[in-house]
Amino acid sequence: MSKLLVPYYEHPAERPDAWDALIGAAPSLYGVVLNPADGPGRSPDAAFAAVAGRLRSAGVRVLGYVDTAYGRRPPQDVVREAARHHDWYGVHGLFLDQAATSALHLPYYADLRTAFAATYDTYVTLVLNHGAVPHPGYARIADLLVTFEGPWSAYDPAGSAGPDTCHLVYEAPPDAVADAPVHCVVPGQLPHPWGTLPHHLEPAR
């Protein structure tokens with residue numbers, strides 16, 4: 001059975017109805033990506049802390065957003081943001097955005113995985129958002145690989161769907177279906193597609 005990984009980048013105070021819908025869909029979710037300020041931000045956000053608590057209480061895996069700039073960000077900065085997500089929002093793991101795809105960067109992400117294990121007091125679920133098919137070695141580092149991120153018009157799942165893969169598709173019609181065990185298909189458009197939920201969850205505006 002497929003599951004939803006939802007990167008929802010709207011503030012809980014601005015769209016509480018959408019967050020309610022997301023929490024109500026708990027049984028169908030692989031997880032929700034929490035992204036207060038292109039990362040955890042400089043200080044805790046009470047609204048995000050509250051919604052993270054509600055997600056955890058509903059049995060939803062909460063993942064903290066951290067950008068890795070395709071392996072160019074200093075690892076200590078990534079680890080620092082991961083620790084803030086853990087301390088402020090009680091996340092279960094991390095969604096590393098702009099993840100590299102080449103074998104050259106495998107040690108960078110393997111070292112991050114080791115550092116996260118030392119930072120967290122429980123198992124860290126790690127999702128790497130490559131947005132394209134990466135080197136096979138990344139499957140040994142992460143729990144889930146995002147092997148496609150893009151508009152529905154460019155969506156071609158051939159060769160990019162495996163047992164531990166996710167597809168993130170935007171600008172999608174209501175009948176669009178992703179061919180991956182974990183996915184998220186939304187109507188939102190650039191520059192902010194992840195300000196919408198999947199069609200069947202999106203509240204009427």
# chains A, B, ... in the order shown; residues from 1 in each chain; ligands from 1

call {"tool": "select_by_dssp", "arguments": {"residues": "range 13-201 of chain A", "states": "alpha helix (DSSP H)", "output": "MDAnalysis selection string"}}
result
chainID A and resid 16:24 46:57 75:89 106:119

call {"tool": "write_last_selection", "arguments": {"atoms": "N, CA and C atoms", "output": "short mmCIF file (atom, residue, chain, number, x, y, z; two decimals), in the first residue's frame"}}
result
data_model
loop_
_atom_site.label_atom_id
_atom_site.label_comp_id
_atom_site.auth_asym_id
_atom_site.auth_seq_id
_atom_site.Cartn_x
_atom_site.Cartn_y
_atom_site.Cartn_z
N PRO A 16 -4.69 26.78 9.31
CA PRO A 16 -4.97 25.73 10.30
C PRO A 16 -5.87 24.63 9.76
N ASP A 17 -6.78 24.97 8.83
CA ASP A 17 -7.67 23.95 8.27
C ASP A 17 -6.90 22.91 7.48
N ALA A 18 -5.86 23.35 6.78
CA ALA A 18 -5.05 22.40 6.01
C ALA A 18 -4.25 21.49 6.93
N TRP A 19 -3.72 22.05 8.00
CA TRP A 19 -2.99 21.21 8.96
C TRP A 19 -3.95 20.22 9.63
N ASP A 20 -5.18 20.65 9.91
CA ASP A 20 -6.17 19.72 10.47
C ASP A 20 -6.43 18.57 9.52
N ALA A 21 -6.55 18.89 8.22
CA ALA A 21 -6.79 17.85 7.22
C ALA A 21 -5.61 16.88 7.15
N LEU A 22 -4.42 17.42 7.25
CA LEU A 22 -3.22 16.58 7.18
C LEU A 22 -3.15 15.65 8.38
N ILE A 23 -3.42 16.16 9.56
CA ILE A 23 -3.40 15.33 10.76
C ILE A 23 -4.51 14.28 10.70
N GLY A 24 -5.65 14.65 10.13
CA GLY A 24 -6.74 13.70 9.98
C GLY A 24 -6.42 12.56 9.04
N ALA A 46 6.40 28.62 18.16
CA ALA A 46 5.42 27.93 19.00
C ALA A 46 4.34 27.24 18.18
N ALA A 47 3.94 27.85 17.07
CA ALA A 47 2.88 27.24 16.24
C ALA A 47 3.37 25.95 15.61
N PHE A 48 4.60 25.93 15.13
CA PHE A 48 5.14 24.69 14.56
C PHE A 48 5.38 23.65 15.64
N ALA A 49 5.80 24.08 16.82
CA ALA A 49 5.99 23.12 17.92
C ALA A 49 4.66 22.46 18.27
N ALA A 50 3.57 23.24 18.27
CA ALA A 50 2.26 22.70 18.61
C ALA A 50 1.79 21.71 17.55
N VAL A 51 1.96 22.05 16.27
CA VAL A 51 1.48 21.16 15.22
C VAL A 51 2.35 19.90 15.16
N ALA A 52 3.64 20.04 15.47
CA ALA A 52 4.50 18.85 15.53
C ALA A 52 4.02 17.91 16.63
N GLY A 53 3.63 18.48 17.77
CA GLY A 53 3.09 17.65 18.85
C GLY A 53 1.82 16.94 18.45
N ARG A 54 0.95 17.62 17.73
CA ARG A 54 -0.29 17.00 17.27
C ARG A 54 0.00 15.88 16.28
N LEU A 55 0.95 16.09 15.39
CA LEU A 55 1.32 15.04 14.43
C LEU A 55 1.87 13.82 15.16
N ARG A 56 2.75 14.04 16.11
CA ARG A 56 3.31 12.91 16.86
C ARG A 56 2.21 12.16 17.61
N SER A 57 1.28 12.89 18.21
CA SER A 57 0.19 12.25 18.96
C SER A 57 -0.70 11.42 18.04
N PRO A 75 29.20 20.48 6.76
CA PRO A 75 28.46 19.46 7.52
C PRO A 75 28.04 19.94 8.91
N GLN A 76 28.89 20.75 9.56
CA GLN A 76 28.54 21.21 10.91
C GLN A 76 27.30 22.08 10.91
N ASP A 77 27.05 22.80 9.81
CA ASP A 77 25.83 23.61 9.72
C ASP A 77 24.60 22.72 9.59
N VAL A 78 24.72 21.66 8.81
CA VAL A 78 23.61 20.72 8.65
C VAL A 78 23.30 20.03 9.98
N VAL A 79 24.33 19.59 10.68
CA VAL A 79 24.15 18.92 11.96
C VAL A 79 23.55 19.87 12.99
N ARG A 80 23.97 21.13 12.96
CA ARG A 80 23.44 22.13 13.90
C ARG A 80 21.93 22.31 13.67
N GLU A 81 21.51 22.41 12.41
CA GLU A 81 20.08 22.56 12.13
C GLU A 81 19.31 21.31 12.50
N ALA A 82 19.90 20.15 12.29
CA ALA A 82 19.26 18.91 12.69
C ALA A 82 19.02 18.87 14.19
N ALA A 83 20.00 19.34 14.95
CA ALA A 83 19.86 19.36 16.40
C ALA A 83 18.75 20.32 16.84
N ARG A 84 18.61 21.46 16.14
CA ARG A 84 17.53 22.39 16.47
C ARG A 84 16.16 21.75 16.20
N HIS A 85 16.04 21.09 15.08
CA HIS A 85 14.78 20.39 14.79
C HIS A 85 14.44 19.40 15.91
N HIS A 86 15.46 18.68 16.36
CA HIS A 86 15.25 17.68 17.41
C HIS A 86 14.84 18.33 18.72
N ASP A 87 15.58 19.38 19.10
CA ASP A 87 15.34 20.01 20.40
C ASP A 87 14.05 20.81 20.43
N TRP A 88 13.72 21.49 19.34
CA TRP A 88 12.58 22.40 19.33
C TRP A 88 11.27 21.73 18.91
N TYR A 89 11.35 20.75 18.01
CA TYR A 89 10.13 20.20 17.42
C TYR A 89 9.96 18.69 17.61
N LEU A 106 29.00 10.52 -1.65
CA LEU A 106 28.55 9.48 -0.72
C LEU A 106 29.18 9.62 0.67
N PRO A 107 30.49 9.89 0.78
CA PRO A 107 31.07 10.04 2.13
C PRO A 107 30.46 11.20 2.91
N TYR A 108 30.12 12.29 2.23
CA TYR A 108 29.52 13.45 2.89
C TYR A 108 28.22 13.04 3.58
N TYR A 109 27.35 12.34 2.87
CA TYR A 109 26.06 11.95 3.45
C TYR A 109 26.20 10.81 4.44
N ALA A 110 27.14 9.91 4.23
CA ALA A 110 27.38 8.85 5.21
C ALA A 110 27.87 9.44 6.53
N ASP A 111 28.74 10.44 6.46
CA ASP A 111 29.22 11.10 7.68
C ASP A 111 28.10 11.85 8.39
N LEU A 112 27.19 12.47 7.61
CA LEU A 112 26.04 13.12 8.23
C LEU A 112 25.18 12.12 8.97
N ARG A 113 24.95 10.97 8.35
CA ARG A 113 24.14 9.93 9.00
C ARG A 113 24.75 9.55 10.34
N THR A 114 26.05 9.38 10.37
CA THR A 114 26.74 9.02 11.62
C THR A 114 26.60 10.14 12.65
N ALA A 115 26.72 11.38 12.21
CA ALA A 115 26.59 12.51 13.13
C ALA A 115 25.18 12.63 13.68
N PHE A 116 24.18 12.37 12.84
CA PHE A 116 22.78 12.42 13.32
C PHE A 116 22.54 11.35 14.38
N ALA A 117 23.10 10.18 14.18
CA ALA A 117 22.93 9.10 15.15
C ALA A 117 23.50 9.48 16.50
N ALA A 118 24.57 10.28 16.48
CA ALA A 118 25.17 10.72 17.74
C ALA A 118 24.39 11.86 18.37
N THR A 119 23.63 12.60 17.56
CA THR A 119 22.87 13.75 18.05
C THR A 119 21.54 13.35 18.65
#

call {"tool": "residues_around", "arguments": {"residues": "His167 in chain A", "least_positions_apart": "2", "cutoff": "12 Å", "atoms": "only C-alpha atoms", "output": "ChimeraX atom specification"}}
result
/A:2-7,127-133,144-152,155-165,169-170,177-186

call {"tool": "closest_residue", "arguments": {"among": "A:Pro27, A:Pro203, A:Gly137, A:Pro12", "to": "Thr101 in chain A", "atoms": "only C-alpha atoms"}}
result
A:Gly137

call {"tool": "atom_distance", "arguments": {"atom1": "CA of Leu197 in chain A", "atom2": "CA of Asp143 in chain A"}}
result
23.1 Å

call {"tool": "residues_around", "arguments": {"residues": "Tyr123 in chain A", "least_positions_apart": "2", "cutoff": "8 Å", "atoms": "only C-alpha atoms", "output": "PyMOL selection string"}}
result
chain A and resi 92-93+117+120-121+125

call {"tool": "residues_around", "arguments": {"residues": "Thr196 in chain A", "least_positions_apart": "2", "cutoff": "7 Å", "atoms": "only C-alpha atoms", "output": "CSV table (one decimal) with N, CA, C and O atoms, in the first residue's frame"}}
result
chain,number,residue,atom,x,y,z
A,8,TYR,N,4.9,20.1,3.5
A,8,TYR,CA,3.9,21.1,3.6
A,8,TYR,C,4.5,22.4,4.2
A,8,TYR,O,4.8,22.4,5.4
A,186,VAL,N,0.6,17.1,-5.9
A,186,VAL,CA,-0.2,18.3,-5.4
A,186,VAL,C,-0.5,19.2,-6.6
A,186,VAL,O,0.2,19.1,-7.7
A,187,PRO,N,-1.5,20.1,-6.5
A,187,PRO,CA,-1.8,21.0,-7.6
A,187,PRO,C,-1.0,22.2,-7.6
A,187,PRO,O,-1.0,23.0,-8.6
A,188,GLY,N,-0.2,22.5,-6.6
A,188,GLY,CA,0.6,23.7,-6.5
A,188,GLY,C,1.5,23.9,-7.6
A,188,GLY,O,2.0,23.0,-8.2
A,193,PRO,N,5.2,25.3,-4.9
A,193,PRO,CA,4.2,24.2,-5.0
A,193,PRO,C,3.8,23.5,-3.7
A,193,PRO,O,2.7,23.0,-3.6
A,194,TRP,N,4.7,23.6,-2.8
A,194,TRP,CA,4.5,22.8,-1.5
A,194,TRP,C,3.8,23.7,-0.5
A,194,TRP,O,3.8,23.4,0.7
A,198,PRO,N,-2.2,17.4,-1.3
A,198,PRO,CA,-2.8,16.5,-2.4
A,198,PRO,C,-4.3,16.9,-2.6
A,198,PRO,O,-4.9,17.3,-1.6
A,202,GLU,N,-6.7,18.8,0.2
A,202,GLU,CA,-6.7,20.2,0.2
A,202,GLU,C,-8.1,20.8,0.5
A,202,GLU,O,-9.1,20.5,-0.2

call {"tool": "closest_atom_pairs", "arguments": {"of": "range 46-153 of chain A", "to": "range 32-35 of chain A", "cutoff": "6 Å", "atoms": "only C-alpha atoms", "output": "tab-separated table"}}
result
residue	atom	partner	partner_atom	distance
A:Val62	CA	A:Val32	CA	5.2
A:Leu63	CA	A:Val33	CA	4.7
A:Gly64	CA	A:Leu34	CA	5.0
A:Tyr65	CA	A:Asn35	CA	5.2

call {"tool": "write_last_selection", "arguments": {"atoms": "N, CA, C and O atoms", "output": "CSV table (one decimal), in the first residue's frame"}}
result
chain,number,residue,atom,x,y,z
A,62,VAL,N,7.4,12.8,11.9
A,62,VAL,CA,7.7,14.2,11.6
A,62,VAL,C,9.2,14.3,11.2
A,62,VAL,O,10.1,13.8,11.9
A,63,LEU,N,9.4,14.9,10.1
A,63,LEU,CA,10.8,15.1,9.5
A,63,LEU,C,11.2,16.5,9.4
A,63,LEU,O,10.4,17.4,8.9
A,64,GLY,N,12.3,16.9,9.9
A,64,GLY,CA,12.8,18.3,9.8
A,64,GLY,C,13.5,18.6,8.5
A,64,GLY,O,14.4,17.8,8.1
A,65,TYR,N,13.2,19.7,7.9
A,65,TYR,CA,13.8,20.1,6.7
A,65,TYR,C,15.2,20.7,6.9
A,65,TYR,O,15.3,21.7,7.7
